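Asker: Below you will find the structure I want to go over with you.
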Amino acid sequence: MSVLNAVPFMKPLCRSPQGRRHTLPASEFRSLSPEDAISVFEIEREAFLSVSGECPLHLDEVRHFLTLCPELSLGWFEEGRLVAFIIGSLWDQERLTEDALMLHKPHGAIVHIHVLAVHRTFRQQGKGSILMWRYLQYLRCLPHVHRAVLMCEDFLVPFYQKSGFKVQGPSEITVGLLTFVEMFYLVQGHAFMRRNSGC
């Protein structure tokens with residue numbers, strides 16, 4: 001049985017042959033596919049350009065990761081419309097390097113969370129926190145994953161701390177004048193939950 005079949009909130013979206021909107025679920029979580037790339041990038045571009053002037057992933061990079069490791073992404077859809085998403089890939093070192101921005105290491109045990117973004121009309125509703133909680137629950141069902149890492153700007157540190165991430169220290173990666181804090185979340189510390197979560 002594949003991981004996606006074992007986790008109910010990661011099942012693919014079901015559409016009727018006619019694609020009628022009333023057949024779509026009101027709210028659904030599922031892995032993203034390369035076909036979702038444009039919607040992902042539009043949300044990401046609006047969310048990040050207005051704040052930092054830089055996108056974590058450009059459109060070709062979004063397609064790259066959604067082709068290589070779609071199972072490490074999670075999208076929140078409301079009536080078939082993408083409203084929030086996370087994109088991750090596997091990494092094989094404790095700290096992030098420049099290579100982590102573009103590489104997916106299939107045998108790695110660390111999930112690098114590249115980006116979390118929420119559509120502007122759905123912000124300030126707690127959707128980012130809920131999506132991250134679901135994503136971390138999903139990672140607990142992946143036996144080879146023991147850690148999640150990300151880098152963010154200083155002002156986002158409290159948001160990720162509320163989700164259980166801890167500060168690792170300054171990131172060695174910079175983008176232009178932007179500097180980042182590297183954070184980590186221990187997935188392996190939740191073995192009991194993994195055994196008792198239906199994974």
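A note on labels: chains of the structure tokens are A, B, ... as shown, every chain counts residues from 1, and ligands are counted from 1 in their shown order.
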Just want the 8 Å neighbourhood of Val145 (chain A), counted on only C-alpha atoms, with same-chain residues fewer than 5 positions away dropped. Output as an MDAnalysis selection string.
Answerer: chainID A and resid 108:111 139:140 187:188
Asker: Write out as a count of residues only the residues lying within 10 Å of Arg81 (chain A), counting only C-alpha atoms and excluding same-chain residues fewer than 6 positions away.
Answerer: 6
Asker: Determine, counting only C-alpha atoms, which protein, DNA and RNA residues have an atom within 12 Å of an atom of Leu96 (chain A); residues of the same chain fewer than 4 positions away are not included. Present the result as a PyMOL selection string.
Answerer: chain A and resi 89-92+100-103+110-114+148-152+168-174+180-184
Asker: Find the residue from A:Phe165, A:Tyr160, A:Phe155, A:Tyr135 that sits nearest to Thr179 (chain A); use only C-alpha atoms when measuring.
Answerer: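 Looking only at the distances to Thr179 (chain A), the closest residue turns out to be A:Phe155.
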Asker: For the atom pair CA of Gly126 (chain A) and CA of Ala84 (chain A), what is the interatomic distance in Å to one decimal place?
Answerer: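 That distance, rounded to one decimal, is 10.9 Å.
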Asker: Suppose you want the space between CA of Leu131 (chain A) and CA of Ser31 (chain A); what is it in Å?
Answerer: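 Distance between the two atoms: 12.1 Å.
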Asker: Expressed in Å to a single decimal, how great is the separation between CA of Thr67 (chain A) and CA of Arg120 (chain A)?
Answerer: 25.8 Å
